[in-house]
Amino acid sequence: MYNLTEIVKEQLEKAIKDRGEVNILVAGKTGVGKSTLINAVFQGNYADTGQGKPVTQNTRKITKEGIPLSLYDTRGLELKEFKTNLKEIEDIVKELKSDKDPKKHIHAAWICIDENSRRVEDAEIELCEMLSNHLPVIGVITKCISDNNFKAEVQDILRPSKNVVRTNSISRILDDGHIIQPTGLENLVDLTMEIIPEGQQNAFAAAQKVSSKQKLRKAHKIVAAAATFSAGTGASPIPFSDAIALVATQVGMLASITAVFGIELKKSFLFTLVSSTLTGAGATLAGKTVVANLMKFFPGAGTVAGGVISASTAAFLTTAFGEAYIGTLNQLTKDKNINEIGTDEIVREFKSKLKIGEQKPVN
C-alpha cells in the first residue's frame, strides 16, 4: 500500500521544480507607467508589495513569495549618467547569462515608452540594441489613447525588438468623459510567452493574471503528458488499490495544474485535494461513482472490470480527472482573482464536478 503523505510531498516538490522560474527585465523612463503595467499583468500587486533588492544604483530585483517571477526594474534612462547605467545593465545581463542554471538568466526584456511622448529617446534605442544582443526584447507602448502611426514609428526605430505592443494598463476617464479601457495586455503576455524559453513558460503562465488561455494551454499539456504516462502504467493490469505509480502520476498532475494556474502550492491543500477525490473511503478513483462519472467524459471507453486498469482506461481516467480539475479552476477564476479563492472552495467545487456525469472537458 502506498504512503499518500510521501507521494504528496514528493509530487509537490517536483511540481514546483518543474514549474521553474522566469526573470523579466522592465526598463523605461520615470513616469512611463512601469509599476502600473507590472501590477496589471502579474499577480499580487507585484510592484507595490514585492521585495526589492538593489542590484545597481538604478536597477532593482523585485520578487514576491509564492510567485515564480523575478522582475529587474531598470531606471535612469533619462539621467546624464546613462552610459554608465547602460554598462551596468549589460554587466548584469551577461553575468546572469553565464550562470549554468538557466533559471538565473534574464529571459526577456520590456522597454516601455509613453505614447504621450511621441518620440523614442536615444537611450531607449541604445538599450534595445544592447539587450537584443543577449535576449529577446519587446517594445511596450504605455498609456495608449491614440496611435496616429506611433506604433509603426517605434517598430521602425526599435528594429532589434521582436515586436511592439500598444498597452493601456488601467481604465482612464479623459477630459471629454470618454473612458479608455485596458488594452493590449493579453497581446503582451502572448508575445512574451512565445519568446521566452520553454522551461520558463509554466512559470510565466502562473505569474501572469491576464490570459486564462495561457494557463489552460499549459494545463492541458500537463494532463496529456500524465495520460501518456498513465497508459504505460496501466499496460500491465494493476488493481486500483495497488497502483502506486498511477496514483503518483495523478497527484503530480493535480500539483502541476495547481502550480500553472498560479495557486500557491501547499502540502496541506494538495493532501486534502487528493485524499478527498483521488483516494480515501467513499471517494477513491476506484470508487464506482467517481469512475462512472469520469468514464462519461469518453463515451465508448468501456468499463472497469474487477478493479483492473487497462492502458487505455488508465489514460482515459487520468485525462478526465485532470480535465475536471482544469474545469474547476477555470470556472472559479473567471469571476475571481486567484488570491480571492479559498482552498476549501476549490476542493468543494472539484468534488462536485466529479459527481456530475454530464460534465465535459474544458476546450
# chains A, B, ... in the order shown; residues from 1 in each chain; ligands from 1

call {"tool": "residues_around", "arguments": {"residues": "A:Tyr72", "least_positions_apart": "2", "cutoff": "12 Å", "atoms": "only C-alpha atoms", "output": "PyMOL selection string"}}
result
chain A and resi 22-28+34-35+38+46-47+50-56+58-63+69-70+74-75+89+92-93+96+104-111

call {"tool": "select_by_dssp", "arguments": {"residues": "stretch 13-160 of chain A", "states": "strand (DSSP E or B)", "output": "PyMOL selection string"}}
result
chain A and resi 22-28+42+51-56+59-63+69-74+108-114+137-142

call {"tool": "write_last_selection", "arguments": {"atoms": "N, CA and C atoms", "output": "CSV table (one decimal), in the first residue's frame"}}
result
chain,number,residue,atom,x,y,z
A,22,VAL,N,10.9,32.4,-13.9
A,22,VAL,CA,11.1,33.3,-15.0
A,22,VAL,C,11.6,34.7,-14.6
A,23,ASN,N,12.5,35.3,-15.3
A,23,ASN,CA,13.0,36.6,-15.0
A,23,ASN,C,12.8,37.5,-16.2
A,24,ILE,N,12.2,38.7,-15.9
A,24,ILE,CA,11.9,39.7,-16.9
A,24,ILE,C,12.5,41.0,-16.5
A,25,LEU,N,13.2,41.6,-17.5
A,25,LEU,CA,13.7,43.0,-17.2
A,25,LEU,C,12.8,44.0,-17.8
A,26,VAL,N,12.4,45.0,-17.0
A,26,VAL,CA,11.5,46.0,-17.4
A,26,VAL,C,12.2,47.4,-17.3
A,27,ALA,N,12.3,48.1,-18.4
A,27,ALA,CA,13.0,49.3,-18.5
A,27,ALA,C,12.1,50.5,-19.0
A,28,GLY,N,12.4,51.7,-18.6
A,28,GLY,CA,11.7,52.8,-19.1
A,28,GLY,C,12.0,54.0,-18.2
A,42,PHE,N,0.8,41.1,-13.7
A,42,PHE,CA,1.2,40.0,-12.8
A,42,PHE,C,0.4,40.0,-11.5
A,51,GLN,N,9.3,42.4,-2.8
A,51,GLN,CA,10.6,42.7,-2.1
A,51,GLN,C,11.6,43.2,-3.1
A,52,GLY,N,12.1,44.4,-3.0
A,52,GLY,CA,13.0,45.0,-3.9
A,52,GLY,C,14.4,44.9,-3.4
A,53,LYS,N,15.3,44.3,-4.1
A,53,LYS,CA,16.7,44.2,-3.8
A,53,LYS,C,17.6,45.0,-4.8
A,54,PRO,N,18.3,46.0,-4.3
A,54,PRO,CA,19.1,46.7,-5.3
A,54,PRO,C,20.2,45.9,-5.9
A,55,VAL,N,20.3,46.0,-7.2
A,55,VAL,CA,21.3,45.3,-8.0
A,55,VAL,C,22.4,46.2,-8.4
A,56,THR,N,22.0,47.4,-8.9
A,56,THR,CA,22.9,48.5,-9.1
A,56,THR,C,22.2,49.8,-8.5
A,59,THR,N,19.0,49.8,-10.7
A,59,THR,CA,18.3,48.6,-11.0
A,59,THR,C,17.9,47.8,-9.8
A,60,ARG,N,16.7,47.4,-9.7
A,60,ARG,CA,16.2,46.6,-8.5
A,60,ARG,C,15.7,45.2,-9.0
A,61,LYS,N,16.0,44.2,-8.2
A,61,LYS,CA,15.4,42.9,-8.5
A,61,LYS,C,14.2,42.8,-7.5
A,62,ILE,N,13.0,42.6,-8.1
A,62,ILE,CA,11.8,42.5,-7.3
A,62,ILE,C,11.2,41.1,-7.3
A,63,THR,N,11.0,40.5,-6.2
A,63,THR,CA,10.4,39.2,-6.0
A,63,THR,C,9.2,39.2,-5.1
A,69,LEU,N,8.4,34.5,-10.3
A,69,LEU,CA,8.9,35.5,-11.2
A,69,LEU,C,9.8,36.5,-10.4
A,70,SER,N,10.9,36.9,-11.1
A,70,SER,CA,11.7,38.0,-10.7
A,70,SER,C,11.7,39.0,-11.7
A,71,LEU,N,11.5,40.3,-11.3
A,71,LEU,CA,11.5,41.4,-12.2
A,71,LEU,C,12.7,42.3,-11.9
A,72,TYR,N,13.4,42.6,-13.0
A,72,TYR,CA,14.5,43.5,-12.9
A,72,TYR,C,14.0,44.9,-13.4
A,73,ASP,N,13.8,45.8,-12.4
A,73,ASP,CA,13.2,47.1,-12.7
A,73,ASP,C,14.4,48.1,-12.9
A,74,THR,N,14.6,48.5,-14.2
A,74,THR,CA,15.7,49.4,-14.5
A,74,THR,C,15.2,50.8,-14.7
A,108,ALA,N,13.6,37.7,-20.9
A,108,ALA,CA,13.0,38.7,-21.9
A,108,ALA,C,13.1,40.0,-21.2
A,109,ALA,N,13.0,41.1,-22.1
A,109,ALA,CA,13.0,42.4,-21.6
A,109,ALA,C,11.9,43.2,-22.3
A,110,TRP,N,11.2,44.1,-21.5
A,110,TRP,CA,10.2,45.0,-22.0
A,110,TRP,C,10.8,46.4,-21.9
A,111,ILE,N,10.9,47.1,-23.0
A,111,ILE,CA,11.3,48.5,-22.9
A,111,ILE,C,10.0,49.4,-23.1
A,112,CYS,N,9.7,50.1,-22.1
A,112,CYS,CA,8.4,50.9,-22.0
A,112,CYS,C,8.6,52.3,-22.5
A,113,ILE,N,7.7,52.7,-23.4
A,113,ILE,CA,7.7,54.1,-24.0
A,113,ILE,C,6.3,54.7,-23.8
A,114,ASP,N,6.2,55.9,-23.3
A,114,ASP,CA,4.9,56.5,-23.1
A,114,ASP,C,4.4,57.1,-24.4
A,137,VAL,N,13.7,41.1,-26.9
A,137,VAL,CA,13.2,42.4,-26.4
A,137,VAL,C,11.9,42.7,-27.0
A,138,ILE,N,10.9,43.2,-26.2
A,138,ILE,CA,9.6,43.7,-26.7
A,138,ILE,C,9.5,45.2,-26.4
A,139,GLY,N,9.1,46.0,-27.4
A,139,GLY,CA,8.8,47.4,-27.1
A,139,GLY,C,7.4,47.5,-26.6
A,140,VAL,N,7.2,48.1,-25.5
A,140,VAL,CA,5.8,48.3,-24.9
A,140,VAL,C,5.5,49.7,-24.9
A,141,ILE,N,4.5,50.1,-25.7
A,141,ILE,CA,4.0,51.5,-25.7
A,141,ILE,C,2.9,51.6,-24.6
A,142,THR,N,3.1,52.5,-23.6
A,142,THR,CA,2.2,52.6,-22.5
A,142,THR,C,1.3,53.8,-22.6

call {"tool": "atom_distance", "arguments": {"atom1": "atom CA of A:Lys97", "atom2": "atom CA of A:Gly20"}}
result
16.4 Å

call {"tool": "closest_residue", "arguments": {"among": "A:Asp176, A:Glu349, A:Asp101, A:Glu115", "to": "A:Asp147", "atoms": "only C-alpha atoms"}}
result
A:Glu115

call {"tool": "atom_distance", "arguments": {"atom1": "atom CA of A:Arg19", "atom2": "atom CA of A:Lys64"}}
result
15.8 Å

call {"tool": "closest_residue", "arguments": {"among": "A:Ser161, A:Thr343, A:Asn168, A:Thr30", "to": "A:Lys266", "atoms": "only C-alpha atoms"}}
result
A:Thr343

call {"tool": "residues_around", "arguments": {"residues": "A:Gly262", "least_positions_apart": "3", "cutoff": "10 Å", "atoms": "only C-alpha atoms", "output": "PyMOL selection string"}}
result
chain A and resi 43+66-68+202-209+215+256-259+265+338-339

call {"tool": "decode", "arguments": {"residues": "stretch 135-277 of chain A", "atoms": "C-alpha atoms", "output": "mmCIF file, in the first residue's frame"}}
result
data_model
loop_
_atom_site.group_PDB
_atom_site.id
_atom_site.type_symbol
_atom_site.label_atom_id
_atom_site.label_comp_id
_atom_site.auth_asym_id
_atom_site.auth_seq_id
_atom_site.Cartn_x
_atom_site.Cartn_y
_atom_site.Cartn_z
ATOM 1 C CA LEU A 135 17.962 38.238 -25.005
ATOM 2 C CA PRO A 136 14.634 38.873 -26.778
ATOM 3 C CA VAL A 137 13.204 42.396 -26.400
ATOM 4 C CA ILE A 138 9.645 43.704 -26.723
ATOM 5 C CA GLY A 139 8.810 47.362 -27.108
ATOM 6 C CA VAL A 140 5.839 48.266 -24.905
ATOM 7 C CA ILE A 141 3.994 51.496 -25.655
ATOM 8 C CA THR A 142 2.169 52.567 -22.486
ATOM 9 C CA LYS A 143 -0.751 54.897 -21.652
ATOM 10 C CA CYS A 144 -2.176 54.419 -25.120
ATOM 11 C CA ILE A 145 -5.026 56.646 -26.261
ATOM 12 C CA SER A 146 -4.466 57.390 -29.946
ATOM 13 C CA ASP A 147 -1.913 55.644 -32.150
ATOM 14 C CA ASN A 148 -1.575 58.105 -35.047
ATOM 15 C CA ASN A 149 1.033 55.760 -36.572
ATOM 16 C CA PHE A 150 3.267 55.959 -33.468
ATOM 17 C CA LYS A 151 3.475 52.154 -33.147
ATOM 18 C CA ALA A 152 4.798 51.867 -36.710
ATOM 19 C CA GLU A 153 7.400 54.524 -35.943
ATOM 20 C CA VAL A 154 8.528 52.686 -32.815
ATOM 21 C CA GLN A 155 8.749 49.406 -34.731
ATOM 22 C CA ASP A 156 10.893 51.074 -37.355
ATOM 23 C CA ILE A 157 13.214 52.620 -34.761
ATOM 24 C CA LEU A 158 13.440 49.639 -32.391
ATOM 25 C CA ARG A 159 14.211 47.179 -35.172
ATOM 26 C CA PRO A 160 16.094 44.690 -32.972
ATOM 27 C CA SER A 161 12.940 44.168 -30.861
ATOM 28 C CA LYS A 162 10.794 41.100 -31.516
ATOM 29 C CA ASN A 163 7.685 43.263 -31.733
ATOM 30 C CA VAL A 164 5.987 46.361 -30.350
ATOM 31 C CA VAL A 165 2.756 46.216 -28.348
ATOM 32 C CA ARG A 166 0.409 49.100 -27.510
ATOM 33 C CA THR A 167 -0.982 48.852 -23.978
ATOM 34 C CA ASN A 168 -3.210 50.679 -21.562
ATOM 35 C CA SER A 169 -2.911 49.158 -18.111
ATOM 36 C CA ILE A 170 -5.910 50.689 -16.318
ATOM 37 C CA SER A 171 -9.229 52.339 -17.142
ATOM 38 C CA ARG A 172 -8.947 56.093 -17.548
ATOM 39 C CA ILE A 173 -11.504 58.862 -17.996
ATOM 40 C CA LEU A 174 -10.481 61.563 -20.454
ATOM 41 C CA ASP A 175 -11.392 65.245 -20.116
ATOM 42 C CA ASP A 176 -14.284 64.800 -22.550
ATOM 43 C CA GLY A 177 -15.699 61.988 -20.414
ATOM 44 C CA HIS A 178 -14.594 59.233 -22.785
ATOM 45 C CA ILE A 179 -13.443 56.071 -20.973
ATOM 46 C CA ILE A 180 -10.291 54.322 -22.144
ATOM 47 C CA GLN A 181 -10.379 50.640 -21.223
ATOM 48 C CA PRO A 182 -7.330 48.454 -20.503
ATOM 49 C CA THR A 183 -5.972 47.074 -23.746
ATOM 50 C CA GLY A 184 -3.049 45.182 -25.220
ATOM 51 C CA LEU A 185 -2.131 43.313 -22.042
ATOM 52 C CA GLU A 186 -3.115 39.893 -23.359
ATOM 53 C CA ASN A 187 -1.158 40.562 -26.548
ATOM 54 C CA LEU A 188 1.881 41.415 -24.431
ATOM 55 C CA VAL A 189 1.505 38.213 -22.407
ATOM 56 C CA ASP A 190 1.030 36.067 -25.522
ATOM 57 C CA LEU A 191 4.071 37.554 -27.257
ATOM 58 C CA THR A 192 6.236 37.203 -24.152
ATOM 59 C CA MET A 193 5.174 33.565 -23.850
ATOM 60 C CA GLU A 194 6.331 32.983 -27.429
ATOM 61 C CA ILE A 195 9.819 34.398 -26.936
ATOM 62 C CA ILE A 196 10.816 33.012 -23.530
ATOM 63 C CA PRO A 197 12.376 29.517 -23.290
ATOM 64 C CA GLU A 198 10.082 26.507 -22.970
ATOM 65 C CA GLY A 199 11.441 25.817 -19.481
ATOM 66 C CA GLN A 200 10.168 29.186 -18.255
ATOM 67 C CA GLN A 201 6.718 29.134 -19.845
ATOM 68 C CA ASN A 202 4.910 27.390 -16.989
ATOM 69 C CA ALA A 203 6.345 29.908 -14.536
ATOM 70 C CA PHE A 204 5.275 32.831 -16.721
ATOM 71 C CA ALA A 205 1.793 31.353 -17.181
ATOM 72 C CA ALA A 206 1.484 31.055 -13.401
ATOM 73 C CA ALA A 207 2.812 34.539 -12.620
ATOM 74 C CA GLN A 208 0.635 36.448 -15.080
ATOM 75 C CA LYS A 209 -3.061 37.091 -14.415
ATOM 76 C CA VAL A 210 -4.169 38.441 -17.789
ATOM 77 C CA SER A 211 -4.526 35.383 -20.017
ATOM 78 C CA SER A 212 -6.555 32.386 -18.876
ATOM 79 C CA LYS A 213 -5.845 30.960 -22.327
ATOM 80 C CA GLN A 214 -2.152 30.580 -21.493
ATOM 81 C CA LYS A 215 -2.899 28.870 -18.188
ATOM 82 C CA LEU A 216 -5.337 26.493 -19.885
ATOM 83 C CA ARG A 217 -2.919 25.700 -22.713
ATOM 84 C CA LYS A 218 -0.177 24.721 -20.289
ATOM 85 C CA ALA A 219 -2.575 22.815 -18.040
ATOM 86 C CA HIS A 220 -3.871 20.745 -20.959
ATOM 87 C CA LYS A 221 -0.274 19.817 -21.853
ATOM 88 C CA ILE A 222 0.265 18.630 -18.281
ATOM 89 C CA VAL A 223 -2.813 16.400 -18.496
ATOM 90 C CA ALA A 224 -1.746 14.985 -21.860
ATOM 91 C CA ALA A 225 1.693 14.080 -20.514
ATOM 92 C CA ALA A 226 0.189 12.456 -17.410
ATOM 93 C CA ALA A 227 -2.260 10.466 -19.531
ATOM 94 C CA THR A 228 0.559 9.155 -21.717
ATOM 95 C CA PHE A 229 2.498 8.042 -18.662
ATOM 96 C CA SER A 230 -0.648 6.511 -17.136
ATOM 97 C CA ALA A 231 -1.196 4.430 -20.256
ATOM 98 C CA GLY A 232 2.215 2.900 -19.738
ATOM 99 C CA THR A 233 1.451 2.273 -16.096
ATOM 100 C CA GLY A 234 -1.825 0.565 -16.928
ATOM 101 C CA ALA A 235 -0.421 -1.587 -19.726
ATOM 102 C CA SER A 236 0.106 -4.457 -17.294
ATOM 103 C CA PRO A 237 -3.189 -4.726 -15.378
ATOM 104 C CA ILE A 238 -2.886 -3.119 -11.953
ATOM 105 C CA PRO A 239 -5.576 -3.145 -9.277
ATOM 106 C CA PHE A 240 -6.598 0.373 -8.274
ATOM 107 C CA SER A 241 -5.641 -0.149 -4.667
ATOM 108 C CA ASP A 242 -2.069 -1.080 -5.627
ATOM 109 C CA ALA A 243 -1.454 1.373 -8.488
ATOM 110 C CA ILE A 244 1.262 3.378 -6.748
ATOM 111 C CA ALA A 245 2.770 4.709 -9.954
ATOM 112 C CA LEU A 246 -0.646 5.697 -11.288
ATOM 113 C CA VAL A 247 -1.606 7.485 -8.094
ATOM 114 C CA ALA A 248 1.719 9.321 -8.052
ATOM 115 C CA THR A 249 1.206 10.408 -11.660
ATOM 116 C CA GLN A 250 -2.265 11.741 -10.921
ATOM 117 C CA VAL A 251 -1.153 13.512 -7.740
ATOM 118 C CA GLY A 252 1.699 15.103 -9.682
ATOM 119 C CA MET A 253 -0.744 16.148 -12.391
ATOM 120 C CA LEU A 254 -3.002 17.917 -9.881
ATOM 121 C CA ALA A 255 0.004 19.617 -8.283
ATOM 122 C CA SER A 256 1.343 20.819 -11.640
ATOM 123 C CA ILE A 257 -2.048 22.143 -12.771
ATOM 124 C CA THR A 258 -2.376 23.983 -9.467
ATOM 125 C CA ALA A 259 1.074 25.482 -9.966
ATOM 126 C CA VAL A 260 0.489 26.636 -13.539
ATOM 127 C CA PHE A 261 -2.759 28.352 -12.537
ATOM 128 C CA GLY A 262 -0.725 30.407 -10.063
ATOM 129 C CA ILE A 263 -2.348 29.000 -6.939
ATOM 130 C CA GLU A 264 0.050 28.712 -4.021
ATOM 131 C CA LEU A 265 1.123 25.112 -3.619
ATOM 132 C CA LYS A 266 0.847 23.947 -0.026
ATOM 133 C CA LYS A 267 1.204 20.402 1.214
ATOM 134 C CA SER A 268 -1.939 20.650 3.345
ATOM 135 C CA PHE A 269 -4.048 21.799 0.380
ATOM 136 C CA LEU A 270 -2.736 19.159 -2.007
ATOM 137 C CA PHE A 271 -3.182 16.400 0.560
ATOM 138 C CA THR A 272 -6.791 17.472 1.196
ATOM 139 C CA LEU A 273 -7.480 17.717 -2.529
ATOM 140 C CA VAL A 274 -6.040 14.263 -3.199
ATOM 141 C CA SER A 275 -7.434 12.474 -0.171
ATOM 142 C CA SER A 276 -10.967 13.740 -0.793
ATOM 143 C CA THR A 277 -11.093 12.969 -4.515
#
